[in-house]
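Undergrad: Handing you a structure now.
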Amino acid sequence: MEEYKEVFENESRRELEKIDITSLFVDFCQGLRKLWWLILVLTVVFAIRGYFATSTSYVSQYVAEATVSVTSSTGSSAEDMAQIFPYILSSGVLADVVAEDMGLTQIPGTVSAVADEGTNLLTISVTSSDPQVAYNTLQSVLKNYPEVAEFVVGKTKLTVLDETGIPSDTRREEVIRGSYKRGALKGAGFGFAILAFYVLTRRTVKSKRELKNQINLMDCGSIPYIQVKKRKKKTFNNSLCLLNERISQGYVEAIRKLRIKVMKDMEENQFKSIMITSSIPGEGKTTLAVNLAISIANQGKKVILIDCDMRNPSVAGVMNEQETHPGLGAVLKKETALNDALIRVETGKGSLEILYGGNNDEKNTKMLGTKRMEALIHTLKKQADLIILDTAPSGILADAAVLARYVDAALYVIRYDHTKMQQIREGIQSLVMSGIHLIGYTFNGDNQSRGRGYGYGYGYGYKRYSGYSRYGVKKESDSYRHYGNAPKGTQDQYGRIIKE
């Protein structure tokens, strides 16, 4: 136990974890699969916004151009003339002459000149919001430029080789097309920025290697991820329970391996009670507790499963039990006798009895730390080979730590790509401080070891707290409490659905 405490004291320093580039790339790809729609929506929205913003505010600009050959009495080249042209313009002399020639107070546009390198050709351009004004300004510049330039470079002659005439706005389509392209790029960039933020801040555990490097607990194996098949009507026939014969054989085998490790540890230490908990809601601990109880009972053991999460009792949902039962709270308050509250489930060789959580009542949770709860567990140990307690997440509630005082051992459930390492550390630390024997952890919903085999696929349907880890499976007309009494051709003696 001191070893555990030392580990968590060191981890509390919160040193920066090294970022695995390969892991980061995998996280990015997985995040892209989840958020591709957001990036697409942002790309389209920004593209449309850019298009309409530009098309509604765009002011046409008309460019009148003329290509001229330049001859100067001083032998100045077109390049020299192009360099001198801005100075002539900025001096204001040419601008004043052109404006006076047009009967205006100033030039109605902008004038520029560019020389063709290695030639005596000069291209003069006039830009204006009015095509006729642009053309008239160009003609005035061509007429008056030699007169103004004579005072600077000597006698100059411009010979017009080509001109555009009255211009049209050829850039409108180009500008508008570029606007939605730029908008699309901005939207995509914004979407990828959100994706990067999501990946860098999420940093959930996605491999057992991370767990082995960060926590000092035994690896009890992985439970494979089972792909869900959406169905409008949910029944026991498509639930994730070992009593359903359509369950993937890969999943059954993973539970069997977990059972072997757990029972080995329990028998070596002569323990008779174990609690199943996790860091946060939605890690599948209730489903794991139910299936572990069924698997152990099938080995000829007498098992009692208790739903101790009275804030959100979920065992009944996994078992597809829709009938109302008194539950743990009623037993602790002595409103119901223990034997009346225990519901027997036929599993084969051994027996399984379940003490459901009853109605959702947060007030009942205060009784978990009382002598009555301790006495109840002590009594049940005499009646069964193993007691399994499904508790609330230890990372966010104190229920598990309170119950740990009366329970021999604990199994920690960690779900693939659901929980952050810091949350796992905090949840385990709360148990460590209680002094309970931690058997180890199981990696649930491991996407790297998908369940394979015949039958349907199954998945998890979690909700947030006050309704987490709940399947909401609707019950058919038959009661699944008494599996052996089902009509012939519908269920076998173990309560499993027989294929037609």
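We name chains A, B, ... following the order of the structure tokens; residues begin at 1 in each chain, and ligands are numbered from 1 as shown.
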I'd like to know which residues of stretch 325-413 of chain A are strand (DSSP E or B) (by DSSP, run on the backbone); could you write them as a list in words?
TA: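 These are the residues in question: Ile343, Arg344, Val345, Ser351, Leu352, Glu353, Ile354, Leu355, Leu386, Ile387, Ile388, Leu389, Asp390, Ala409, Ala410, Leu411, Tyr412 and Val413 of chain A.
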Undergrad: Please list as a list in words every residue within 8 Å of A:Phe46, counting only C-alpha atoms and excluding residues in the same chain fewer than 5 positions away.
TA: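 Within the cut-off, the hits are Tyr180, Gly183, Ala184, Lys186 and Gly187 of chain A.
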Undergrad: Can you check which residues of stretch 250-393 of chain A DSSP gives as alpha helix (DSSP H) on the backbone and send them as a PyMOL selection string?
TA: chain A and resi 250-268+285-297+315-318+327-332+338-341+371-383
Undergrad: Can you pull out the residues contacting A:Ile223? Cut-off 7 Å, using only C-alpha atoms, and skip same-chain residues under 4 positions away; I want them as a list of chain:residue names.
TA: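 The residues satisfying every condition are A:Tyr251, A:Ala254, A:Ile255, A:Phe443, A:Asn444, A:Gly445, A:Asp446.
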Undergrad: Counting only C-alpha atoms, what is within 6 Å of stretch 426-429 of chain A, bar same-chain residues fewer than 5 positions away, as a PyMOL selection string?
TA: chain A and resi 279+394-395
Undergrad: List the neighbours of A:Ile439 out to 10 Å using only C-alpha atoms; skip same-chain residues closer than 4 positions along the sequence, and give me the result as a PyMOL selection string.
TA: chain A and resi 217-220+261-262+265-266+274+409-412
Undergrad: For the residues in the current selection, export N, CA and C atoms as a short mmCIF file (atom, residue, chain, number, x, y, z; two decimals), in the first residue's frame.
TA:
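part.cif, freshly written:
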```cif
data_model
loop_
_atom_site.label_atom_id
_atom_site.label_comp_id
_atom_site.auth_asym_id
_atom_site.auth_seq_id
_atom_site.Cartn_x
_atom_site.Cartn_y
_atom_site.Cartn_z
N LEU A 217 -0.60 -0.86 -11.40
CA LEU A 217 -1.62 -1.86 -11.14
C LEU A 217 -1.48 -3.00 -12.13
N MET A 218 -1.96 -4.18 -11.74
CA MET A 218 -1.89 -5.33 -12.61
C MET A 218 -2.88 -5.19 -13.77
N ASP A 219 -2.43 -5.57 -14.94
CA ASP A 219 -3.30 -5.58 -16.12
C ASP A 219 -4.10 -6.88 -16.12
N CYS A 220 -5.42 -6.74 -15.95
CA CYS A 220 -6.29 -7.92 -15.91
C CYS A 220 -6.87 -8.26 -17.28
N LYS A 261 -8.43 -14.46 -13.94
CA LYS A 261 -7.47 -13.63 -13.19
C LYS A 261 -8.06 -13.14 -11.87
N VAL A 262 -9.32 -12.71 -11.94
CA VAL A 262 -9.97 -12.20 -10.73
C VAL A 262 -10.12 -13.29 -9.69
N ASP A 265 -6.83 -14.36 -7.92
CA ASP A 265 -6.44 -13.42 -6.87
C ASP A 265 -7.35 -13.54 -5.65
N MET A 266 -8.65 -13.65 -5.87
CA MET A 266 -9.59 -13.74 -4.76
C MET A 266 -9.36 -15.01 -3.94
N ILE A 274 -15.95 -8.25 -3.78
CA ILE A 274 -15.19 -7.42 -4.71
C ILE A 274 -16.10 -6.32 -5.24
N ALA A 409 -11.79 -6.51 -1.96
CA ALA A 409 -10.95 -6.18 -3.11
C ALA A 409 -11.74 -5.31 -4.09
N ALA A 410 -11.00 -4.76 -5.05
CA ALA A 410 -11.62 -3.90 -6.06
C ALA A 410 -11.02 -4.18 -7.42
N LEU A 411 -11.86 -4.07 -8.45
CA LEU A 411 -11.42 -4.16 -9.85
C LEU A 411 -11.76 -2.83 -10.50
N TYR A 412 -10.76 -2.25 -11.16
CA TYR A 412 -10.94 -0.92 -11.75
C TYR A 412 -11.17 -1.04 -13.25
#
```
Undergrad: Within 8 Å of stretch 192-207 of chain A, counting only C-alpha atoms, which residues show up once you throw out same-chain ones fewer than 4 positions away? Write them as a list in words, please.
TA: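 Those residues are Leu24, Asp27, Phe28, Gly31, Leu32, Leu35, Ile39, Ala188, Leu211, Tyr416, Asp417, His418, Thr419, Lys420, Met421 and Asp446 of chain A.
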Undergrad: Out of A:Gln270, A:Ser57, A:Thr110, A:Ser222, which residue has the shortest atom-to-atom distance to A:Val252 when counting only C-alpha atoms?
TA: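 Checking each of A:Gln270, A:Ser57, A:Thr110, A:Ser222 against A:Val252, counting only C-alpha atoms, the winner is A:Ser222.
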Undergrad: Counting only C-alpha atoms, which residues of stretch 208-295 of chain A fall within 9 Å of stretch 337-359 of chain A, and what is the closest atom pair for each with its distance in Å at one decimal, ordered by chain and rising number, as a tab-separated table?
TA:
```
residue	atom	partner	partner_atom	distance
A:Leu243	CA	A:Thr347	CA	7.6
A:Ala293	CA	A:Leu352	CA	7.3
A:Ile294	CA	A:Thr347	CA	6.7
A:Ser295	CA	A:Thr347	CA	8.6
```
Undergrad: Any chance you could export the current selection's N, CA and C atoms as a compact mmCIF listing (two decimals), in the first residue's frame?
TA:
```
# COMPACT_ATOMS: atom_id res chain seq x y z
N LEU A 243 -25.98 -13.80 -21.11
CA LEU A 243 -27.15 -14.66 -21.23
C LEU A 243 -27.77 -14.58 -22.62
N ALA A 293 -20.28 -11.46 -13.06
CA ALA A 293 -21.10 -12.24 -12.12
C ALA A 293 -21.70 -13.46 -12.80
N ILE A 294 -22.20 -13.30 -14.02
CA ILE A 294 -22.78 -14.43 -14.77
C ILE A 294 -21.71 -15.46 -15.08
N SER A 295 -20.53 -15.00 -15.52
CA SER A 295 -19.45 -15.92 -15.88
C SER A 295 -18.98 -16.73 -14.68
```
